[in-house]
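First comes the structure, then the notes that go with it.
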Amino acid sequence: MPDRFNPWDAFLVLWGILSVLPGLYFIFGRFIEDSIRRSHTIYAVTDRRAILPADFLGHNARSISLSGLREINLSKKTDGRGTIMLGPANSSSEWARGWPGTGRNTNPAFEGIARAQDVLKIIRDAQQASA
């Protein structure tokens with residue numbers, strides 16, 4: 001243990017901590033944050049509209065008319081969970097879905113929902129009923 005305080009050593013320790021924290025977030029934290037966010041996300045389908053959260057915290061909602069919606073894409077896993085994208089697929093920005101600040105560049109979607117095929121049927125039925 002040194003006898004005197006060295007500000008350079010303190011700076012290097014602080015710099016190391018500030019370098020490691022973002023790395024830990026990218027390795028572990030983003031998955032934990034995504035899980036917490038999804039567990040508090042509520043999607044809704046009415047007879048005329050699909051309602052989705054519009055921001056990260058879910059304080060605002062986005063409403064999309066089902067009657068004008070021409071393309072709906074379903075990406076489903078073997079366990080039945082999936083993502084329903086409302087609107088044409090935008091492959092150039094879909095890789096970024098879920099990264100902070102990229103949501104504005106992607107189409108609205110019901111992300112990571114259980115029984116995605118059943119929800120797609122509900123949306124299709126609502127579209128037919130409103131036509």
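As shown in the structure tokens, the chain order sets the letters A, B, ...; within each chain, residues go from 1, and ligands are also counted from 1 in the order they appear.
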I'd like the contact shell of Leu86 (chain A) - 10 Å cut-off, only C-alpha atoms, skipping same-chain residues fewer than 5 positions apart - returned as a list in words.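 Close residues of Leu86 (chain A): Ala50, Ile64, Leu66, Leu69, Arg70, Glu71, Ile72, Asn73, Leu74, Asn107, Pro108, Ala109 and Phe110 of chain A.
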Keeping N, CA and C atoms, export the residues of the selection given above as a PDB file, in the first residue's frame.
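Full text of out_25.pdb as output:
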ATOM      1  N   ALA A  50     -54.313  -1.795 -33.954  1.00  0.00           N
ATOM      2  CA  ALA A  50     -53.298  -2.475 -33.146  1.00  0.00           C
ATOM      3  C   ALA A  50     -52.634  -1.389 -32.309  1.00  0.00           C
ATOM      4  N   ILE A  64     -52.179   1.761 -34.716  1.00  0.00           N
ATOM      5  CA  ILE A  64     -52.045   1.515 -36.151  1.00  0.00           C
ATOM      6  C   ILE A  64     -53.372   0.973 -36.668  1.00  0.00           C
ATOM      7  N   LEU A  66     -55.776  -1.156 -38.717  1.00  0.00           N
ATOM      8  CA  LEU A  66     -55.659  -2.472 -39.352  1.00  0.00           C
ATOM      9  C   LEU A  66     -56.208  -2.465 -40.781  1.00  0.00           C
ATOM     10  N   LEU A  69     -53.507  -1.604 -43.298  1.00  0.00           N
ATOM     11  CA  LEU A  69     -52.294  -2.406 -43.169  1.00  0.00           C
ATOM     12  C   LEU A  69     -52.274  -3.485 -44.253  1.00  0.00           C
ATOM     13  N   ARG A  70     -51.329  -3.388 -45.174  1.00  0.00           N
ATOM     14  CA  ARG A  70     -51.283  -4.314 -46.310  1.00  0.00           C
ATOM     15  C   ARG A  70     -50.401  -5.529 -46.058  1.00  0.00           C
ATOM     16  N   GLU A  71     -49.339  -5.362 -45.292  1.00  0.00           N
ATOM     17  CA  GLU A  71     -48.394  -6.462 -45.111  1.00  0.00           C
ATOM     18  C   GLU A  71     -48.150  -6.724 -43.627  1.00  0.00           C
ATOM     19  N   ILE A  72     -48.272  -7.988 -43.254  1.00  0.00           N
ATOM     20  CA  ILE A  72     -47.985  -8.417 -41.887  1.00  0.00           C
ATOM     21  C   ILE A  72     -47.067  -9.624 -41.989  1.00  0.00           C
ATOM     22  N   ASN A  73     -45.945  -9.576 -41.285  1.00  0.00           N
ATOM     23  CA  ASN A  73     -44.977 -10.672 -41.334  1.00  0.00           C
ATOM     24  C   ASN A  73     -44.843 -11.320 -39.969  1.00  0.00           C
ATOM     25  N   LEU A  74     -44.803 -12.643 -39.961  1.00  0.00           N
ATOM     26  CA  LEU A  74     -44.650 -13.403 -38.730  1.00  0.00           C
ATOM     27  C   LEU A  74     -43.320 -14.135 -38.757  1.00  0.00           C
ATOM     28  N   ASN A 107     -40.122  -1.010 -38.343  1.00  0.00           N
ATOM     29  CA  ASN A 107     -41.577  -1.052 -38.381  1.00  0.00           C
ATOM     30  C   ASN A 107     -42.113  -1.440 -37.013  1.00  0.00           C
ATOM     31  N   PRO A 108     -43.334  -1.013 -36.695  1.00  0.00           N
ATOM     32  CA  PRO A 108     -43.925  -1.436 -35.433  1.00  0.00           C
ATOM     33  C   PRO A 108     -44.110  -2.947 -35.431  1.00  0.00           C
ATOM     34  N   ALA A 109     -43.952  -3.556 -34.263  1.00  0.00           N
ATOM     35  CA  ALA A 109     -44.050  -5.014 -34.184  1.00  0.00           C
ATOM     36  C   ALA A 109     -44.476  -5.442 -32.795  1.00  0.00           C
ATOM     37  N   PHE A 110     -45.161  -6.558 -32.747  1.00  0.00           N
ATOM     38  CA  PHE A 110     -45.439  -7.250 -31.494  1.00  0.00           C
ATOM     39  C   PHE A 110     -44.242  -8.179 -31.310  1.00  0.00           C
TER      40      PHE A 110
END
Within 8 Å of region 78-82 of chain A using only C-alpha atoms, minus same-chain residues under 5 positions, as a count of residues only: 7
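Using only C-alpha atoms, the contacts of Thr46 (chain A) at a cut-off of 10 Å, with sequence neighbours closer than 3 positions omitted, comprise Arg49, Ala50, Ile51, Ser65, Leu66, Ile122, Ile123, Ala126 and Gln127 of chain A.
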DSSP says alpha helix (DSSP H) for which residues of chain A? Put them as a PyMOL selection string? chain A and resi 7-24+30-39+91-94+116-130
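The spacing separating CA of Ser130 (chain A) from CA of Arg48 (chain A) amounts to 6.2 Å.
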Separation of CA of Pro88 (chain A) and CA of Asp34 (chain A), in Å?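 Separating CA of Pro88 (chain A) from CA of Asp34 (chain A) is a distance of 24.2 Å.
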Hey, can you check how far CA of Ala54 (chain A) sits from CA of Ile84 (chain A)?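 Computing it gives 15.6 Å between the two atoms.
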